[in-house]
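Trainee: TSV, C-alpha atoms, file coords-v6.tsv:
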chain	number	residue	atom	x	y	z
K	1	MET	CA	19.54	55.87	57.83
K	2	MET	CA	16.47	56.97	56.07
K	3	ASN	CA	17.70	55.36	52.86
K	4	ILE	CA	18.05	51.92	54.48
K	5	HIS	CA	14.52	52.06	55.87
K	6	SER	CA	13.17	53.38	52.58
K	7	ASP	CA	14.99	50.64	50.61
K	8	ALA	CA	13.64	47.95	52.96
K	9	LEU	CA	10.14	49.36	52.54
K	10	LYS	CA	10.48	49.33	48.77
K	11	SER	CA	11.78	45.70	48.88
K	12	ALA	CA	8.87	44.63	51.05
K	13	LYS	CA	6.44	46.39	48.73
K	14	SER	CA	8.05	44.75	45.69
K	15	ALA	CA	7.92	41.33	47.34
K	16	LYS	CA	4.25	41.84	48.24
K	17	MET	CA	3.45	42.87	44.66
K	18	ALA	CA	5.34	39.87	43.30
K	19	ARG	CA	3.41	37.51	45.61
K	20	GLN	CA	0.11	39.06	44.53
K	21	LEU	CA	1.04	38.72	40.87
K	22	ILE	CA	2.05	35.07	41.32
K	23	SER	CA	-1.12	34.29	43.25
K	24	ARG	CA	-3.22	35.95	40.53
K	25	LEU	CA	-1.44	33.94	37.84
K	26	GLY	CA	-2.02	30.77	39.85
K	27	LEU	CA	-5.74	31.50	39.93
K	28	CYS	CA	-5.95	32.50	36.28
K	29	ARG	CA	-7.50	29.71	34.19
K	30	ARG	CA	-6.87	31.40	30.84
K	31	ALA	CA	-3.14	30.75	31.09
K	32	ALA	CA	-3.73	27.08	31.89
K	33	ALA	CA	-6.03	26.71	28.89
K	34	ALA	CA	-3.44	28.34	26.63
K	35	VAL	CA	-0.72	25.99	27.84
K	36	GLU	CA	-2.97	22.93	27.42
K	37	PHE	CA	-3.89	24.08	23.92
K	38	ALA	CA	-0.23	24.61	23.01
K	39	LEU	CA	0.62	21.10	24.22
K	40	LEU	CA	-2.28	19.36	22.48
K	41	VAL	CA	-2.16	21.05	19.06
K	42	PRO	CA	0.94	19.15	17.79
K	43	VAL	CA	-0.52	15.83	18.93
K	44	VAL	CA	-3.86	16.51	17.23
K	45	LEU	CA	-2.16	17.70	14.03
K	46	ALA	CA	0.06	14.60	13.94
K	47	GLY	CA	-3.00	12.37	14.31
K	48	LEU	CA	-4.88	14.30	11.65
K	49	THR	CA	-1.92	14.04	9.27
K	50	GLY	CA	-1.86	10.29	9.83
K	51	VAL	CA	-5.56	10.00	9.02
K	52	VAL	CA	-5.13	12.09	5.86
K	53	ASN	CA	-2.10	9.96	4.82
K	54	TYR	CA	-4.10	6.77	5.30
K	55	GLY	CA	-7.05	8.14	3.33
K	56	LEU	CA	-4.89	9.24	0.41
K	57	ALA	CA	-3.03	5.92	0.36
K	58	MET	CA	-6.27	3.93	0.36
K	59	SER	CA	-7.66	6.10	-2.42
K	60	ASP	CA	-4.56	5.41	-4.54
K	61	LYS	CA	-4.74	1.69	-3.70
K	62	MET	CA	-8.36	1.54	-4.90
K	63	ALA	CA	-7.39	3.37	-8.09
K	64	LEU	CA	-4.57	0.86	-8.68
K	65	GLN	CA	-6.96	-2.04	-8.11
K	66	SER	CA	-9.43	-0.56	-10.57
K	67	ALA	CA	-6.69	0.00	-13.15
K	68	ALA	CA	-5.56	-3.62	-12.81
K	69	ARG	CA	-9.16	-4.74	-13.40
K	70	ALA	CA	-9.28	-2.63	-16.56
K	71	GLY	CA	-6.18	-4.41	-17.81
K	72	ALA	CA	-7.70	-7.79	-16.90
K	73	GLN	CA	-10.80	-6.95	-18.93
K	74	LEU	CA	-8.62	-6.29	-21.96
K	75	ALA	CA	-6.78	-9.56	-21.29
K	76	LEU	CA	-10.12	-11.34	-21.70
K	77	ILE	CA	-10.22	-10.12	-25.30
K	78	ASP	CA	-6.55	-10.64	-26.21
K	79	SER	CA	-4.12	-11.89	-23.57
K	80	SER	CA	-1.21	-12.03	-26.03
K	81	ASP	CA	-0.95	-8.23	-26.45
K	82	THR	CA	0.69	-7.37	-23.13
K	83	SER	CA	1.75	-3.87	-24.25
K	84	ALA	CA	-1.88	-2.96	-24.99
K	85	ILE	CA	-2.86	-4.32	-21.57
K	86	SER	CA	-0.18	-2.19	-19.89
K	87	THR	CA	-1.29	0.87	-21.86
K	88	ALA	CA	-4.92	0.26	-20.85
K	89	VAL	CA	-3.91	0.07	-17.18
K	90	VAL	CA	-2.04	3.39	-17.37
K	91	ALA	CA	-4.83	5.08	-19.33
K	92	SER	CA	-7.53	4.00	-16.89
K	93	THR	CA	-6.19	5.99	-13.93
K	94	ASN	CA	-5.07	9.53	-13.12
K	95	LEU	CA	-2.18	8.28	-10.98
K	96	ASN	CA	1.39	8.99	-11.98
K	97	ILE	CA	2.23	5.48	-13.25
K	98	THR	CA	3.90	4.28	-16.45
K	99	THR	CA	3.76	1.05	-18.40
K	100	SER	CA	6.93	-0.07	-16.60
K	101	ASP	CA	4.89	-0.16	-13.37
K	102	VAL	CA	2.56	-2.78	-14.90
K	103	THR	CA	3.35	-6.50	-15.01
K	104	THR	CA	1.38	-9.24	-16.73
K	105	THR	CA	1.95	-12.86	-15.84
K	106	GLN	CA	0.34	-15.86	-17.47
K	107	PHE	CA	0.00	-19.12	-15.54
K	108	CYS	CA	-1.75	-22.41	-16.12
K	109	GLU	CA	-3.43	-25.07	-14.03
K	110	CYS	CA	-4.59	-28.57	-14.75
K	111	TRP	CA	-8.25	-29.21	-14.14
K	112	ASP	CA	-10.05	-32.53	-13.73
K	113	GLY	CA	-13.49	-31.17	-14.59
K	114	ASP	CA	-15.31	-32.28	-11.42
K	115	SER	CA	-13.66	-30.68	-8.41
K	116	SER	CA	-13.89	-27.01	-7.54
K	117	THR	CA	-10.12	-26.57	-7.21
K	118	ALA	CA	-7.19	-27.07	-9.51
K	119	VAL	CA	-5.55	-30.47	-9.48
K	120	GLU	CA	-2.06	-29.10	-10.05
K	121	SER	CA	-0.33	-25.89	-11.02
K	122	LEU	CA	2.05	-26.12	-13.94
K	123	ALA	CA	5.58	-24.75	-13.81
K	124	ALA	CA	5.17	-23.51	-17.38
K	125	CYS	CA	2.14	-23.28	-19.63
K	126	THR	CA	3.97	-25.42	-22.20
K	127	ASP	CA	3.88	-28.41	-19.81
K	128	SER	CA	1.19	-31.00	-20.39
K	129	CYS	CA	-1.52	-31.96	-17.94
K	130	SER	CA	-1.59	-35.53	-16.73
K	131	SER	CA	-4.97	-35.31	-15.04
K	132	GLY	CA	-7.31	-33.23	-17.12
K	133	ASN	CA	-7.68	-30.03	-19.10
K	134	LYS	CA	-5.37	-27.07	-19.00
K	135	ARG	CA	-6.76	-23.68	-17.97
K	136	TYR	CA	-4.97	-20.41	-18.74
K	137	PHE	CA	-5.00	-17.40	-16.42
K	138	MET	CA	-3.43	-13.97	-16.47
K	139	THR	CA	-2.47	-11.79	-13.52
K	140	VAL	CA	-2.29	-8.04	-14.14
K	141	SER	CA	-0.40	-6.17	-11.41
K	142	VAL	CA	0.42	-2.49	-11.04
K	143	THR	CA	2.55	-0.72	-8.40
K	144	GLU	CA	3.03	2.88	-7.33
K	145	ASP	CA	5.39	4.60	-4.90
K	146	PHE	CA	3.30	6.70	-2.50
K	147	THR	CA	5.07	9.52	-0.64
K	148	LEU	CA	3.86	10.11	2.92
K	149	LEU	CA	2.99	13.66	4.00
K	150	LEU	CA	5.49	15.39	6.29
K	151	LEU	CA	7.71	12.31	6.64
K	152	GLY	CA	8.81	12.26	3.00
K	153	THR	CA	9.26	8.49	2.99
K	154	THR	CA	7.68	6.35	0.31
K	155	ILE	CA	5.69	3.17	0.54
K	156	SER	CA	4.83	0.82	-2.29
K	157	LEU	CA	1.16	0.38	-3.14
K	158	SER	CA	-0.09	-2.28	-5.51
K	159	GLY	CA	-3.21	-3.60	-7.14
K	160	SER	CA	-3.78	-6.80	-9.07
K	161	ALA	CA	-6.47	-8.75	-10.86
K	162	VAL	CA	-6.57	-12.34	-12.07
K	163	VAL	CA	-8.68	-13.43	-15.03
K	164	ARG	CA	-9.14	-16.74	-16.80
K	165	THR	CA	-8.15	-16.23	-20.43
K	166	GLN	CA	-8.94	-19.70	-21.86
Show this structure as structure tokens.

Mentor:
Amino acid sequence: MMNIHSDALKSAKSAKMARQLISRLGLCRRAAAAVEFALLVPVVLAGLTGVVNYGLAMSDKMALQSAARAGAQLALIDSSDTSAISTAVVASTNLNITTSDVTTTQFCECWDGDSSTAVESLAACTDSCSSGNKRYFMTVSVTEDFTLLLLGTTISLSGSAVVRTQ
């Protein structure tokens, strides 16, 4: 009989200790702060990764734009040498691009001499202008595949510049 009473006393003591422990944990603010921190860290890191991705992509986009301008400057001197223009674009940046990422396109517009806009765009620069002088332009474009951090997907970034060649 003594064992039953002793076991009941031990159970009551254990239950009382468990209630005290739970009530202490409920009042402890350190545990709540640790849980909040553990929940917020992934969200903050994901946001920070997004900001870093955006910054790196914009930096590469500005470098591509600058490289296209360098090619356009060379097109001012000699627009017929498209391989030299492509080489100048690649050489003017530290990005991992090749001459196959660079495109040069020549286009022409007819101009009447008085207005501030073109009268008509020509389908081909060999066409003749019915309403004025022909103006020659060159577009230098460059593209790069940018790989996003953590996601591993790629997006296409590009830069271009247009220059009047004649």

Trainee: What separation in Å, quoted to one decimal, exists between CA of Met17 in chain K and CA of Glu36 in chain K?

Mentor: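 Distance between the two atoms: 27.1 Å.
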
Trainee: Figure out the distance between CA of Gln166 in chain K and CA of Gly71 in chain K, please, to one decimal in Å.

Mentor: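 Straight-line distance from CA of Gly71 in chain K to CA of Gln166 in chain K works out to 16.1 Å.
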
Trainee: Would you please work out which residue, of K:Cys129, K:Ile22, K:Val89, K:Ile77, is nearest to Trp111 in chain K when using only C-alpha atoms?

Mentor: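 When distances to Trp111 in chain K are compared using only C-alpha atoms, the smallest one comes from K:Cys129.
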
Trainee: Can you pull out every residue within 9 Å of Leu149 in chain K, counting all atoms listed in the file, but drop anything in the same chain fewer than 3 positions away, and send it as a JSON list (two decimals) with C-alpha atoms, in the coordinates of the input?

Mentor:
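The resulting file, result-v3.json, is shown below:
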[["chain", "number", "residue", "atom", "x", "y", "z"],
["K", 49, "THR", "CA", -1.92, 14.04, 9.27],
["K", 50, "GLY", "CA", -1.86, 10.29, 9.83],
["K", 52, "VAL", "CA", -5.13, 12.09, 5.86],
["K", 53, "ASN", "CA", -2.10, 9.96, 4.82],
["K", 152, "GLY", "CA", 8.81, 12.26, 3.00],
["K", 153, "THR", "CA", 9.26, 8.49, 2.99]]

Trainee: List as a PyMOL selection string: which residues have an atom within 10 Å of (9.4, -2.7, -11.3), counting only C-alpha atoms?

Mentor: chain K and resi 99-103+142-144

Trainee: If I only have part of range 59-80 of chain K, can you fill in N, CA, C and O atoms and write it as a tab-separated table (two decimals), in the coordinates of the input?

Mentor:
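The result, stored in part.tsv:
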chain	number	residue	atom	x	y	z
K	59	SER	N	-7.08	5.62	-1.17
K	59	SER	CA	-7.66	6.10	-2.42
K	59	SER	C	-6.79	5.68	-3.61
K	59	SER	O	-7.31	5.20	-4.63
K	60	ASP	N	-5.48	5.83	-3.47
K	60	ASP	CA	-4.56	5.41	-4.54
K	60	ASP	C	-4.59	3.90	-4.71
K	60	ASP	O	-4.55	3.40	-5.83
K	61	LYS	N	-4.68	3.16	-3.62
K	61	LYS	CA	-4.74	1.69	-3.70
K	61	LYS	C	-6.00	1.25	-4.45
K	61	LYS	O	-5.94	0.34	-5.29
K	62	MET	N	-7.13	1.88	-4.18
K	62	MET	CA	-8.36	1.54	-4.90
K	62	MET	C	-8.25	1.88	-6.38
K	62	MET	O	-8.73	1.14	-7.23
K	63	ALA	N	-7.59	3.00	-6.69
K	63	ALA	CA	-7.39	3.37	-8.09
K	63	ALA	C	-6.48	2.36	-8.80
K	63	ALA	O	-6.72	2.02	-9.96
K	64	LEU	N	-5.45	1.87	-8.10
K	64	LEU	CA	-4.57	0.86	-8.68
K	64	LEU	C	-5.33	-0.45	-8.92
K	64	LEU	O	-5.15	-1.10	-9.95
K	65	GLN	N	-6.17	-0.82	-7.96
K	65	GLN	CA	-6.96	-2.04	-8.11
K	65	GLN	C	-7.91	-1.93	-9.30
K	65	GLN	O	-8.05	-2.86	-10.09
K	66	SER	N	-8.53	-0.79	-9.44
K	66	SER	CA	-9.43	-0.56	-10.57
K	66	SER	C	-8.68	-0.57	-11.90
K	66	SER	O	-9.17	-1.11	-12.90
K	67	ALA	N	-7.50	0.00	-11.93
K	67	ALA	CA	-6.69	0.00	-13.15
K	67	ALA	C	-6.27	-1.42	-13.52
K	67	ALA	O	-6.28	-1.79	-14.71
K	68	ALA	N	-5.92	-2.23	-12.53
K	68	ALA	CA	-5.56	-3.62	-12.81
K	68	ALA	C	-6.75	-4.38	-13.37
K	68	ALA	O	-6.61	-5.21	-14.29
K	69	ARG	N	-7.95	-4.10	-12.86
K	69	ARG	CA	-9.16	-4.74	-13.40
K	69	ARG	C	-9.41	-4.34	-14.84
K	69	ARG	O	-9.86	-5.15	-15.66
K	70	ALA	N	-9.12	-3.08	-15.17
K	70	ALA	CA	-9.28	-2.63	-16.56
K	70	ALA	C	-8.34	-3.39	-17.48
K	70	ALA	O	-8.72	-3.80	-18.58
K	71	GLY	N	-7.12	-3.62	-17.03
K	71	GLY	CA	-6.18	-4.41	-17.81
K	71	GLY	C	-6.63	-5.86	-17.94
K	71	GLY	O	-6.48	-6.49	-18.99
K	72	ALA	N	-7.20	-6.41	-16.87
K	72	ALA	CA	-7.70	-7.79	-16.90
K	72	ALA	C	-8.87	-7.92	-17.87
K	72	ALA	O	-9.00	-8.95	-18.55
K	73	GLN	N	-9.69	-6.91	-17.96
K	73	GLN	CA	-10.80	-6.95	-18.93
K	73	GLN	C	-10.27	-6.99	-20.36
K	73	GLN	O	-10.81	-7.70	-21.21
K	74	LEU	N	-9.22	-6.25	-20.63
K	74	LEU	CA	-8.62	-6.29	-21.96
K	74	LEU	C	-7.95	-7.64	-22.20
K	74	LEU	O	-7.95	-8.14	-23.33
K	75	ALA	N	-7.40	-8.25	-21.15
K	75	ALA	CA	-6.78	-9.56	-21.29
K	75	ALA	C	-7.81	-10.63	-21.66
K	75	ALA	O	-7.47	-11.63	-22.29
K	76	LEU	N	-9.06	-10.42	-21.29
K	76	LEU	CA	-10.12	-11.34	-21.70
K	76	LEU	C	-10.27	-11.37	-23.22
K	76	LEU	O	-10.56	-12.41	-23.80
K	77	ILE	N	-10.08	-10.23	-23.84
K	77	ILE	CA	-10.22	-10.12	-25.30
K	77	ILE	C	-8.99	-10.66	-26.01
K	77	ILE	O	-9.09	-11.47	-26.93
K	78	ASP	N	-7.80	-10.21	-25.58
K	78	ASP	CA	-6.55	-10.64	-26.21
K	78	ASP	C	-5.44	-10.64	-25.17
K	78	ASP	O	-4.86	-9.60	-24.86
K	79	SER	N	-5.14	-11.81	-24.62
K	79	SER	CA	-4.12	-11.89	-23.57
K	79	SER	C	-2.70	-11.88	-24.13
K	79	SER	O	-1.75	-11.76	-23.37
K	80	SER	N	-2.55	-12.01	-25.45
K	80	SER	CA	-1.21	-12.03	-26.03
K	80	SER	C	-0.61	-10.63	-26.19
K	80	SER	O	0.61	-10.48	-26.24
